[in-house]
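A.B. asks: my_file-v7.txt is reproduced in full below (compact mmCIF, C-alpha atoms and all ligand atoms).
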```
# COMPACT_ATOMS: atom_id res chain seq x y z
CA MET A 1 -7.05 -4.51 -7.48
CA VAL A 2 -10.60 -3.55 -6.44
CA ARG A 3 -11.06 -6.97 -4.88
CA GLN A 4 -7.86 -6.64 -2.84
CA PHE A 5 -8.80 -3.13 -1.74
CA LEU A 6 -12.24 -4.31 -0.58
CA ARG A 7 -10.72 -7.34 1.14
CA LYS A 8 -8.48 -5.08 3.27
CA LYS A 9 -11.34 -2.69 4.04
CA ALA A 10 -13.51 -5.65 5.07
CA LYS A 11 -10.78 -6.76 7.48
CA ILE A 12 -10.74 -3.31 9.09
CA ALA A 13 -14.54 -3.26 9.23
CA ARG A 14 -14.52 -6.67 10.96
CA GLY A 15 -11.87 -5.33 13.35
CA LEU A 16 -14.08 -2.35 14.19
CA TRP A 17 -17.02 -4.64 14.77
CA ASN A 18 -15.05 -7.07 16.93
CA THR A 19 -13.33 -4.42 18.99
CA TYR A 20 -15.89 -1.72 19.52
CA PHE A 21 -19.23 -3.55 19.24
CA VAL A 22 -19.06 -7.24 20.12
CA LYS A 23 -15.85 -6.64 22.12
CA ARG A 24 -14.38 -9.93 20.92
CA GLY A 25 -10.79 -10.95 21.46
CA GLU A 26 -9.32 -11.81 24.80
CA ILE A 27 -5.80 -10.64 25.55
CA ARG A 28 -3.77 -13.75 26.35
CA ASP A 29 -0.09 -14.38 26.83
CA GLY A 30 0.00 -16.39 23.59
CA ARG A 31 3.58 -17.54 24.07
CA GLU A 32 2.98 -20.98 22.54
CA ARG A 33 0.75 -19.98 19.63
CA TRP A 34 3.54 -19.58 17.08
CA ASP A 35 4.79 -23.10 17.60
CA GLU A 36 1.31 -24.61 17.76
CA LEU A 37 -0.35 -22.76 14.87
CA HIS A 38 2.28 -21.28 12.54
CA TYR A 39 5.47 -23.27 12.46
CA VAL A 40 3.81 -26.71 12.57
CA HIS A 41 5.26 -27.71 9.18
CA GLY A 42 8.57 -25.87 9.47
CA VAL A 43 10.10 -22.40 9.66
CA SER A 44 10.66 -20.35 6.50
CA ASP A 45 9.90 -16.82 5.29
CA ARG A 46 6.73 -18.15 3.71
CA GLN A 47 5.58 -19.76 6.94
CA THR A 48 6.09 -16.61 8.99
CA LEU A 49 3.10 -15.24 7.02
CA ALA A 50 0.92 -18.34 7.23
CA ALA A 51 1.50 -22.09 7.41
CA ASP A 52 0.30 -22.50 3.80
CA LYS A 53 1.37 -19.16 2.22
CA HIS A 54 2.41 -19.41 -1.43
CA LEU A 55 6.15 -18.99 -2.01
CA ILE A 56 5.69 -16.36 -4.73
CA ALA A 57 3.25 -14.28 -2.70
CA ALA A 58 5.69 -14.37 0.23
CA LYS A 59 8.61 -13.24 -1.93
CA TYR A 60 6.47 -10.46 -3.37
CA HIS A 61 5.62 -9.28 0.16
CA TYR A 62 9.26 -9.27 1.31
CA ASN A 63 10.44 -7.46 -1.82
CA SER A 64 7.82 -4.75 -1.40
CA VAL A 65 8.89 -4.14 2.21
CA GLU A 66 12.58 -4.14 1.30
CA LEU A 67 11.94 -1.45 -1.33
CA LYS A 68 10.42 0.90 1.26
CA ILE A 69 13.27 0.38 3.72
CA LEU A 70 15.93 0.88 1.03
CA ARG A 71 14.23 4.05 -0.14
CA HIS A 72 14.29 5.49 3.39
CA LEU A 73 17.91 4.50 4.03
CA ARG A 74 19.04 6.05 0.75
CA GLU A 75 16.90 9.16 1.00
CA TYR A 76 18.13 10.03 4.51
CA GLY A 77 21.73 8.90 3.96
CA ILE A 78 21.59 6.30 6.73
CA GLU A 79 24.80 4.29 6.90
CA THR A 80 24.26 0.57 7.44
CA GLN A 81 27.86 -0.53 6.98
CA GLY A 82 29.18 -1.66 10.37
CA SER A 83 25.82 -1.17 12.08
CA VAL A 84 24.73 -3.04 15.18
CA VAL A 85 21.20 -4.40 14.70
CA LEU A 86 18.46 -5.77 16.91
CA ASP A 87 15.86 -7.75 14.97
CA ILE A 88 12.66 -8.35 16.94
CA GLY A 89 10.47 -11.30 15.93
CA SER A 90 13.11 -12.77 13.63
CA GLY A 91 10.98 -15.63 12.26
CA ALA A 92 13.11 -17.35 9.61
CA GLY A 93 15.80 -14.63 9.66
CA HIS A 94 14.82 -12.72 6.51
CA TRP A 95 15.67 -9.34 8.06
CA ILE A 96 18.85 -10.61 9.69
CA ASP A 97 20.03 -11.59 6.19
CA PHE A 98 18.84 -8.28 4.76
CA TYR A 99 20.90 -6.18 7.23
CA LYS A 100 23.86 -8.53 6.78
CA SER A 101 23.64 -7.90 3.03
CA LEU A 102 23.80 -4.17 3.82
CA GLY A 103 27.00 -4.61 5.84
CA SER A 104 25.77 -4.92 9.43
CA ALA A 105 28.60 -5.76 11.83
CA SER A 106 26.50 -7.73 14.29
CA THR A 107 22.89 -8.67 14.88
CA ILE A 108 20.88 -9.92 17.80
CA GLY A 109 17.74 -11.74 16.70
CA VAL A 110 14.90 -12.29 19.17
CA ASP A 111 11.88 -14.54 18.83
CA VAL A 112 9.27 -15.84 21.22
CA SER A 113 8.85 -19.06 19.22
CA ARG A 114 10.97 -21.99 20.35
CA LEU A 115 10.85 -23.54 16.86
CA SER A 116 11.95 -20.30 15.20
CA THR A 117 14.79 -19.87 17.70
CA GLU A 118 16.02 -23.43 17.17
CA TYR A 119 15.84 -22.95 13.41
CA LEU A 120 17.76 -19.64 13.59
CA ARG A 121 20.43 -20.95 15.95
CA ASN A 122 21.10 -23.73 13.49
CA LYS A 123 20.98 -21.43 10.45
CA TYR A 124 23.53 -19.01 11.97
CA LYS A 125 25.67 -21.51 13.86
CA ASP A 126 28.72 -20.56 11.74
CA HIS A 127 28.01 -16.81 11.81
CA SER A 128 29.81 -15.26 14.78
CA ASP A 129 28.12 -11.91 14.06
CA VAL A 130 24.62 -13.26 14.78
CA THR A 131 23.22 -14.07 18.22
CA ILE A 132 19.74 -15.53 18.67
CA LEU A 133 17.78 -15.05 21.88
CA HIS A 134 14.58 -16.82 22.81
CA GLY A 135 11.80 -14.92 24.55
CA LYS A 136 9.33 -12.09 24.29
CA ALA A 137 10.81 -8.80 23.10
CA SER A 138 9.89 -7.12 26.39
CA GLU A 139 11.67 -9.77 28.48
CA ILE A 140 14.79 -9.77 26.32
CA LEU A 141 15.01 -5.98 26.08
CA ALA A 142 14.72 -5.69 29.86
CA GLY A 143 17.97 -7.65 30.22
CA LEU A 144 19.95 -6.19 27.27
CA ASP A 145 22.87 -3.82 27.83
CA ALA A 146 23.84 -3.45 24.17
CA LYS A 147 23.13 -0.28 22.17
CA PHE A 148 21.95 -0.59 18.59
CA ASN A 149 22.09 1.55 15.46
CA ILE A 150 19.00 -0.14 14.06
CA VAL A 151 16.09 -1.87 15.75
CA SER A 152 13.94 -3.69 13.23
CA ALA A 153 10.47 -4.99 14.15
CA ILE A 154 8.76 -6.12 10.97
CA GLY A 155 5.40 -7.85 11.28
CA VAL A 156 5.70 -8.30 15.01
CA MET A 157 4.57 -5.24 17.00
CA PHE A 158 0.90 -5.88 16.17
CA HIS A 159 1.31 -9.35 17.67
CA ILE A 160 2.08 -7.73 21.03
CA VAL A 161 -1.62 -7.48 21.79
CA ASP A 162 -1.41 -6.30 25.39
CA ASP A 163 -1.29 -2.49 25.26
CA VAL A 164 0.77 -2.18 28.46
CA GLU A 165 3.39 -4.60 27.11
CA TRP A 166 3.34 -2.87 23.70
CA ILE A 167 4.09 0.56 25.25
CA ALA A 168 6.74 -0.88 27.56
CA THR A 169 8.39 -2.58 24.57
CA ILE A 170 8.54 0.70 22.61
CA LYS A 171 10.08 2.50 25.59
CA MET A 172 12.70 -0.21 26.03
CA ILE A 173 13.48 -0.11 22.30
CA ALA A 174 14.08 3.64 22.65
CA ARG A 175 16.53 3.06 25.50
CA SER A 176 18.35 0.38 23.52
CA LEU A 177 19.07 2.67 20.55
CA GLN A 178 22.17 4.79 20.07
CA PRO A 179 21.56 8.53 19.60
CA LYS A 180 20.28 8.94 16.01
CA GLY A 181 19.53 5.21 15.95
CA LEU A 182 16.72 4.08 13.67
CA LEU A 183 13.57 2.12 14.54
CA ILE A 184 11.94 0.31 11.60
CA VAL A 185 8.44 -1.11 12.17
CA GLY A 186 6.34 -3.04 9.66
CA GLY A 187 2.61 -2.89 10.35
CA HIS A 188 -0.61 -0.99 9.71
CA PHE A 189 -0.75 2.62 11.15
CA GLY A 190 -4.29 3.45 10.01
CA CYS A 191 -6.84 5.80 11.54
CA PHE A 192 -8.63 3.37 13.87
CA ASP A 193 -6.94 2.37 17.08
CA GLY A 194 -6.57 -0.95 18.87
CA LEU A 195 -8.43 -3.05 16.31
CA ASN A 196 -8.52 -6.77 17.07
CA VAL A 197 -8.34 -8.28 13.59
CA LYS A 198 -7.14 -11.85 14.05
CA PHE A 199 -7.96 -14.58 16.56
CA ASP A 200 -6.60 -17.91 17.69
CA PRO A 201 -8.95 -20.90 17.65
CA ASP A 202 -9.37 -20.49 21.44
CA GLY A 203 -10.61 -16.89 21.03
CA GLY A 204 -7.42 -15.12 22.07
CA VAL A 205 -6.63 -12.04 20.00
CA ASN A 206 -3.56 -12.63 17.83
CA LYS A 207 -3.22 -9.29 16.03
CA ARG A 208 -4.08 -5.81 17.28
CA LEU A 209 -3.63 -2.80 14.97
CA ARG A 210 -2.80 0.58 16.51
CA SER A 211 -3.47 3.83 14.71
CA LYS A 212 -0.80 6.08 13.24
CA SER A 213 -1.66 8.81 15.77
CA ARG A 214 -1.36 6.39 18.70
CA TRP A 215 2.00 5.20 17.40
CA SER A 216 3.20 8.80 17.02
CA ARG A 217 2.06 9.73 20.53
CA VAL A 218 3.79 6.77 22.17
CA LEU A 219 6.94 7.23 20.08
CA LYS A 220 7.17 10.91 21.02
CA GLU A 221 6.71 10.04 24.70
CA ALA A 222 9.65 7.65 24.24
CA GLU A 223 11.64 10.59 22.76
CA PHE A 224 11.60 9.47 19.15
CA SER A 225 11.51 12.09 16.41
CA GLU A 226 11.40 12.23 12.60
CA ILE A 227 8.52 9.76 12.49
CA ARG A 228 7.64 8.77 8.93
CA VAL A 229 5.10 6.30 7.57
CA TYR A 230 5.43 4.77 4.10
CA ARG A 231 2.26 3.26 2.68
CA ASN A 232 2.88 -0.04 0.95
CA GLN A 233 0.20 -0.60 -1.69
CA ALA A 234 1.80 -3.70 -3.21
CA TYR A 235 -1.04 -5.84 -1.84
CA LEU A 236 -3.38 -4.28 -4.40
CA TRP A 237 -1.57 -5.94 -7.29
CA ILE A 238 -1.46 -9.57 -6.28
CA ASP A 239 -4.35 -11.98 -5.87
CA ASP A 240 -3.37 -13.26 -2.46
CA VAL A 241 -3.68 -12.10 1.12
CA LEU A 242 -0.62 -10.21 2.36
CA PRO A 243 -0.08 -9.06 5.94
CA GLU A 244 -0.21 -5.39 6.95
CA ASN A 245 3.11 -4.15 5.62
CA HIS A 246 3.27 -0.39 5.71
CA LEU A 247 6.52 0.91 7.17
CA LEU A 248 7.13 3.28 10.05
CA MET A 249 10.57 4.81 10.60
CA ALA A 250 11.50 6.80 13.68
CA THR A 251 14.80 8.26 14.88
CA ARG A 252 15.96 8.26 18.48
C1 LIG B 301 4.70 -12.53 11.24
S1 LIG B 301 6.18 -13.20 11.87
C2 LIG B 301 7.38 -12.08 11.17
C3 LIG B 301 8.77 -12.65 11.16
C4 LIG B 301 9.85 -11.72 10.58
N1 LIG B 301 9.93 -10.45 11.27
C5 LIG B 301 9.63 -11.51 9.12
O1 LIG B 301 9.12 -10.44 8.73
O2 LIG B 301 10.00 -12.40 8.35
C6 LIG B 301 6.19 -12.69 13.57
C7 LIG B 301 7.31 -13.32 14.38
O3 LIG B 301 7.39 -12.62 15.62
C8 LIG B 301 7.48 -13.55 16.69
N2 LIG B 301 6.87 -12.89 17.86
C9 LIG B 301 5.56 -12.68 18.10
N3 LIG B 301 5.39 -12.01 19.25
C10 LIG B 301 6.64 -11.78 19.74
C11 LIG B 301 7.14 -11.12 20.88
N4 LIG B 301 6.33 -10.56 21.79
N5 LIG B 301 8.47 -11.05 21.07
C12 LIG B 301 9.32 -11.63 20.17
N6 LIG B 301 8.90 -12.27 19.07
C13 LIG B 301 7.58 -12.34 18.85
C14 LIG B 301 6.75 -14.79 16.21
O4 LIG B 301 7.19 -15.95 16.84
C15 LIG B 301 7.09 -14.78 14.71
O5 LIG B 301 8.25 -15.52 14.44
```
Would you kindly transcribe this structure into structure tokens?
C.D. replies:
Amino acid sequence: MVRQFLRKKAKIARGLWNTYFVKRGEIRDGRERWDELHYVHGVSDRQTLAADKHLIAAKYHYNSVELKILRHLREYGIETQGSVVLDIGSGAGHWIDFYKSLGSASTIGVDVSRLSTEYLRNKYKDHSDVTILHGKASEILAGLDAKFNIVSAIGVMFHIVDDVEWIATIKMIARSLQPKGLLIVGGHFGCFDGLNVKFDPDGGVNKRLRSKSRWSRVLKEAEFSEIRVYRNQAYLWIDDVLPENHLLMATR
């Protein structure tokens, strides 16, 4: 537990160092990185975390995130039966399956990775309620007319490293939600803002963590309310590296 705690703190400390002192981490488009670095040996839940992530650690991560979402849905009486869902950064489709298991009527899944999109199109080829779109969230949202009850963006918003694109994406998500629609984001939401914590081999920044207060400010500007953050401490109890997986919920 202490080791895991220190490991996470060290990551934040490195992020502070990289961002504020050595100013490391170039903002790049990064469109190809998922296919070149992550999904080289296939697409699965496990491989959305890292190419060599252990199956049990991955399952543990997903279960811990599911618990937080279920708690929020139950506590605030949010009806998922018949809901229309947009899943951003669908990866191997874990969250598409999750909302389907909660009775969603239809889902649009979006991913920038060509390999993920091909995998998902094949996985859901017999599911008329699931549509998979290939592209960056910002590009897809710009052309979407549909209105959603739930927009889910787990483990993806911190990969939108360009701040302008990140804000534009949040504003477009707001416009794509029905009144009282729910945004679910998996990420970090700490006290330091804009921390570059992960890099591609070519030096491009791959993960940028925004603070809770920055998230709240941008969400309020986009007319979200009832913003809640759930801290996920599950990482403390497993001897493996899990991604940032706190949960943020906001209502349109
Ligand atoms: C860490 S994985 C998480 C996958 C999935 N949400 C999950 O939790 O299982 C991030 C996924 O988001 C996709 N992605 C990254 N940036 C994106 C963007 N700007 N728009 C859409 N998808 C993106 C990646 O290709 C990858 O499949």
A.B. asks: Which distance in Å separates atom C13 of ligand LIG 301 (chain B) and CA of Ile96 (chain A), to one decimal?
C.D. replies: 14.6 Å
A.B. asks: Pick the closest to ligand LIG 301 (chain B) from A:Gly25, A:Gly181, A:Gly187, A:Gly203: which is it, counting only C-alpha atoms and all ligand atoms?
C.D. replies: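 The closest residue to ligand LIG 301 (chain B) is A:Gly187.
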A.B. asks: Smallest atom-to-atom distance to Leu183 (chain A): which of A:Arg214, A:His54, A:Arg228, A:His38, using all atoms listed in the file?
C.D. replies: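 Closest candidate: A:Arg228.
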A.B. asks: Which one of A:Val197, A:Val84, A:Ala234, A:Val241 sits closest to Ile12 (chain A) if you count only C-alpha atoms?
C.D. replies: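 Between A:Val197, A:Val84, A:Ala234, A:Val241, the residue approaching Ile12 (chain A) most closely is A:Val197.
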A.B. asks: Which residue is closest to Ser113 (chain A)? Choose from A:His94, A:His134, A:His188, A:Arg208 and count all atoms listed in the file.
C.D. replies: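 Of A:His94, A:His134, A:His188, A:Arg208, the one nearest Ser113 (chain A) is A:His134, counting all atoms listed in the file.
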A.B. asks: For a test of reading the model, state the distance in Å between CA of Lys8 (chain A) and CA of Lys198 (chain A), rounded to one decimal.
C.D. replies: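 CA of Lys198 (chain A) lies at a distance of 12.8 Å from CA of Lys8 (chain A).
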A.B. asks: Kindly provide, as an mmCIF file with C-alpha atoms, in the frame of the given file, all nucleotide and amino acid residues lying within 7 Å of ligand LIG 301 (chain B), counting only C-alpha atoms and all ligand atoms.
C.D. replies:
```cif
data_model
loop_
_atom_site.group_PDB
_atom_site.id
_atom_site.type_symbol
_atom_site.label_atom_id
_atom_site.label_comp_id
_atom_site.auth_asym_id
_atom_site.auth_seq_id
_atom_site.Cartn_x
_atom_site.Cartn_y
_atom_site.Cartn_z
ATOM 1 C CA TRP A 34 3.540 -19.580 17.080
ATOM 2 C CA ASP A 45 9.900 -16.820 5.290
ATOM 3 C CA THR A 48 6.090 -16.610 8.990
ATOM 4 C CA LEU A 49 3.100 -15.240 7.020
ATOM 5 C CA ILE A 88 12.660 -8.350 16.940
ATOM 6 C CA GLY A 89 10.470 -11.300 15.930
ATOM 7 C CA SER A 90 13.110 -12.770 13.630
ATOM 8 C CA GLY A 91 10.980 -15.630 12.260
ATOM 9 C CA ALA A 92 13.110 -17.350 9.610
ATOM 10 C CA GLY A 93 15.800 -14.630 9.660
ATOM 11 C CA HIS A 94 14.820 -12.720 6.510
ATOM 12 C CA TRP A 95 15.670 -9.340 8.060
ATOM 13 C CA VAL A 110 14.900 -12.290 19.170
ATOM 14 C CA ASP A 111 11.880 -14.540 18.830
ATOM 15 C CA VAL A 112 9.270 -15.840 21.220
ATOM 16 C CA SER A 113 8.850 -19.060 19.220
ATOM 17 C CA SER A 116 11.950 -20.300 15.200
ATOM 18 C CA GLY A 135 11.800 -14.920 24.550
ATOM 19 C CA LYS A 136 9.330 -12.090 24.290
ATOM 20 C CA ALA A 137 10.810 -8.800 23.100
ATOM 21 C CA SER A 138 9.890 -7.120 26.390
ATOM 22 C CA ALA A 153 10.470 -4.990 14.150
ATOM 23 C CA ILE A 154 8.760 -6.120 10.970
ATOM 24 C CA GLY A 155 5.400 -7.850 11.280
ATOM 25 C CA VAL A 156 5.700 -8.300 15.010
ATOM 26 C CA HIS A 159 1.310 -9.350 17.670
ATOM 27 C CA ILE A 160 2.080 -7.730 21.030
#
```
A.B. asks: Would you mind completing region 152-163 of chain A to all heavy atoms and writing the output as a PDB file, in the frame of the given file?
C.D. replies:
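Listed below is the output, out-v5.pdb:
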```pdb
ATOM      1  N   SER A 152      14.887  -3.346  14.275  1.00  0.00           N
ATOM      2  CA  SER A 152      13.940  -3.690  13.230  1.00  0.00           C
ATOM      3  C   SER A 152      12.849  -4.579  13.835  1.00  0.00           C
ATOM      4  O   SER A 152      13.151  -5.549  14.533  1.00  0.00           O
ATOM      5  CB  SER A 152      14.704  -4.457  12.136  1.00  0.00           C
ATOM      6  OG  SER A 152      13.838  -4.793  11.086  1.00  0.00           O
ATOM      7  N   ALA A 153      11.602  -4.215  13.589  1.00  0.00           N
ATOM      8  CA  ALA A 153      10.470  -4.990  14.150  1.00  0.00           C
ATOM      9  C   ALA A 153       9.409  -5.085  13.053  1.00  0.00           C
ATOM     10  O   ALA A 153       8.436  -4.350  13.046  1.00  0.00           O
ATOM     11  CB  ALA A 153       9.926  -4.302  15.391  1.00  0.00           C
ATOM     12  N   ILE A 154       9.658  -5.990  12.125  1.00  0.00           N
ATOM     13  CA  ILE A 154       8.760  -6.120  10.970  1.00  0.00           C
ATOM     14  C   ILE A 154       7.733  -7.216  11.243  1.00  0.00           C
ATOM     15  O   ILE A 154       8.103  -8.361  11.548  1.00  0.00           O
ATOM     16  CB  ILE A 154       9.559  -6.497   9.684  1.00  0.00           C
ATOM     17  CG1 ILE A 154      10.793  -5.623   9.506  1.00  0.00           C
ATOM     18  CG2 ILE A 154       8.637  -6.493   8.464  1.00  0.00           C
ATOM     19  CD1 ILE A 154      10.615  -4.316   8.869  1.00  0.00           C
ATOM     20  N   GLY A 155       6.479  -6.857  11.133  1.00  0.00           N
ATOM     21  CA  GLY A 155       5.400  -7.850  11.280  1.00  0.00           C
ATOM     22  C   GLY A 155       5.316  -8.449  12.661  1.00  0.00           C
ATOM     23  O   GLY A 155       4.882  -9.609  12.808  1.00  0.00           O
ATOM     24  N   VAL A 156       5.721  -7.706  13.672  1.00  0.00           N
ATOM     25  CA  VAL A 156       5.700  -8.300  15.010  1.00  0.00           C
ATOM     26  C   VAL A 156       5.001  -7.414  16.049  1.00  0.00           C
ATOM     27  O   VAL A 156       4.328  -7.945  16.938  1.00  0.00           O
ATOM     28  CB  VAL A 156       7.124  -8.688  15.474  1.00  0.00           C
ATOM     29  CG1 VAL A 156       8.045  -7.498  15.558  1.00  0.00           C
ATOM     30  CG2 VAL A 156       7.086  -9.426  16.794  1.00  0.00           C
ATOM     31  N   MET A 157       5.104  -6.088  15.929  1.00  0.00           N
ATOM     32  CA  MET A 157       4.570  -5.240  17.000  1.00  0.00           C
ATOM     33  C   MET A 157       3.064  -5.399  17.158  1.00  0.00           C
ATOM     34  O   MET A 157       2.539  -5.295  18.259  1.00  0.00           O
ATOM     35  CB  MET A 157       4.943  -3.765  16.778  1.00  0.00           C
ATOM     36  CG  MET A 157       6.438  -3.478  16.857  1.00  0.00           C
ATOM     37  SD  MET A 157       7.205  -3.949  18.428  1.00  0.00           S
ATOM     38  CE  MET A 157       6.572  -2.715  19.552  1.00  0.00           C
ATOM     39  N   PHE A 158       2.359  -5.685  16.040  1.00  0.00           N
ATOM     40  CA  PHE A 158       0.900  -5.880  16.170  1.00  0.00           C
ATOM     41  C   PHE A 158       0.558  -7.226  16.811  1.00  0.00           C
ATOM     42  O   PHE A 158      -0.586  -7.484  17.155  1.00  0.00           O
ATOM     43  CB  PHE A 158       0.146  -5.675  14.860  1.00  0.00           C
ATOM     44  CG  PHE A 158       0.738  -6.322  13.633  1.00  0.00           C
ATOM     45  CD1 PHE A 158       1.233  -7.608  13.646  1.00  0.00           C
ATOM     46  CD2 PHE A 158       0.775  -5.621  12.428  1.00  0.00           C
ATOM     47  CE1 PHE A 158       1.762  -8.206  12.513  1.00  0.00           C
ATOM     48  CE2 PHE A 158       1.304  -6.200  11.282  1.00  0.00           C
ATOM     49  CZ  PHE A 158       1.800  -7.502  11.327  1.00  0.00           C
ATOM     50  N   HIS A 159       1.561  -8.092  16.961  1.00  0.00           N
ATOM     51  CA  HIS A 159       1.310  -9.350  17.670  1.00  0.00           C
ATOM     52  C   HIS A 159       1.511  -9.185  19.180  1.00  0.00           C
ATOM     53  O   HIS A 159       1.248 -10.117  19.940  1.00  0.00           O
ATOM     54  CB  HIS A 159       2.217 -10.454  17.136  1.00  0.00           C
ATOM     55  CG  HIS A 159       1.826 -10.905  15.758  1.00  0.00           C
ATOM     56  ND1 HIS A 159       0.572 -11.355  15.451  1.00  0.00           N
ATOM     57  CD2 HIS A 159       2.524 -10.957  14.591  1.00  0.00           C
ATOM     58  CE1 HIS A 159       0.502 -11.670  14.166  1.00  0.00           C
ATOM     59  NE2 HIS A 159       1.677 -11.429  13.626  1.00  0.00           N
ATOM     60  N   ILE A 160       2.017  -8.017  19.593  1.00  0.00           N
ATOM     61  CA  ILE A 160       2.080  -7.730  21.030  1.00  0.00           C
ATOM     62  C   ILE A 160       0.725  -7.100  21.356  1.00  0.00           C
ATOM     63  O   ILE A 160       0.529  -5.895  21.211  1.00  0.00           O
ATOM     64  CB  ILE A 160       3.269  -6.809  21.375  1.00  0.00           C
ATOM     65  CG1 ILE A 160       4.579  -7.458  20.881  1.00  0.00           C
ATOM     66  CG2 ILE A 160       3.312  -6.528  22.877  1.00  0.00           C
ATOM     67  CD1 ILE A 160       5.823  -6.626  21.110  1.00  0.00           C
ATOM     68  N   VAL A 161      -0.225  -7.937  21.744  1.00  0.00           N
ATOM     69  CA  VAL A 161      -1.620  -7.480  21.790  1.00  0.00           C
ATOM     70  C   VAL A 161      -1.962  -6.756  23.099  1.00  0.00           C
ATOM     71  O   VAL A 161      -2.918  -5.989  23.152  1.00  0.00           O
ATOM     72  CB  VAL A 161      -2.596  -8.660  21.549  1.00  0.00           C
ATOM     73  CG1 VAL A 161      -2.464  -9.167  20.132  1.00  0.00           C
ATOM     74  CG2 VAL A 161      -2.362  -9.788  22.538  1.00  0.00           C
ATOM     75  N   ASP A 162      -1.169  -6.989  24.117  1.00  0.00           N
ATOM     76  CA  ASP A 162      -1.410  -6.300  25.390  1.00  0.00           C
ATOM     77  C   ASP A 162      -0.844  -4.877  25.275  1.00  0.00           C
ATOM     78  O   ASP A 162       0.353  -4.685  25.036  1.00  0.00           O
ATOM     79  CB  ASP A 162      -0.685  -7.099  26.491  1.00  0.00           C
ATOM     80  CG  ASP A 162      -0.898  -6.486  27.860  1.00  0.00           C
ATOM     81  OD1 ASP A 162      -0.906  -5.241  27.969  1.00  0.00           O
ATOM     82  OD2 ASP A 162      -1.045  -7.242  28.822  1.00  0.00           O
ATOM     83  N   ASP A 163      -1.718  -3.884  25.469  1.00  0.00           N
ATOM     84  CA  ASP A 163      -1.290  -2.490  25.260  1.00  0.00           C
ATOM     85  C   ASP A 163      -0.181  -2.071  26.230  1.00  0.00           C
ATOM     86  O   ASP A 163       0.705  -1.308  25.858  1.00  0.00           O
ATOM     87  CB  ASP A 163      -2.487  -1.546  25.428  1.00  0.00           C
ATOM     88  CG  ASP A 163      -3.411  -1.607  24.220  1.00  0.00           C
ATOM     89  OD1 ASP A 163      -2.945  -2.007  23.132  1.00  0.00           O
ATOM     90  OD2 ASP A 163      -4.597  -1.275  24.371  1.00  0.00           O
TER      91      ASP A 163
END
```
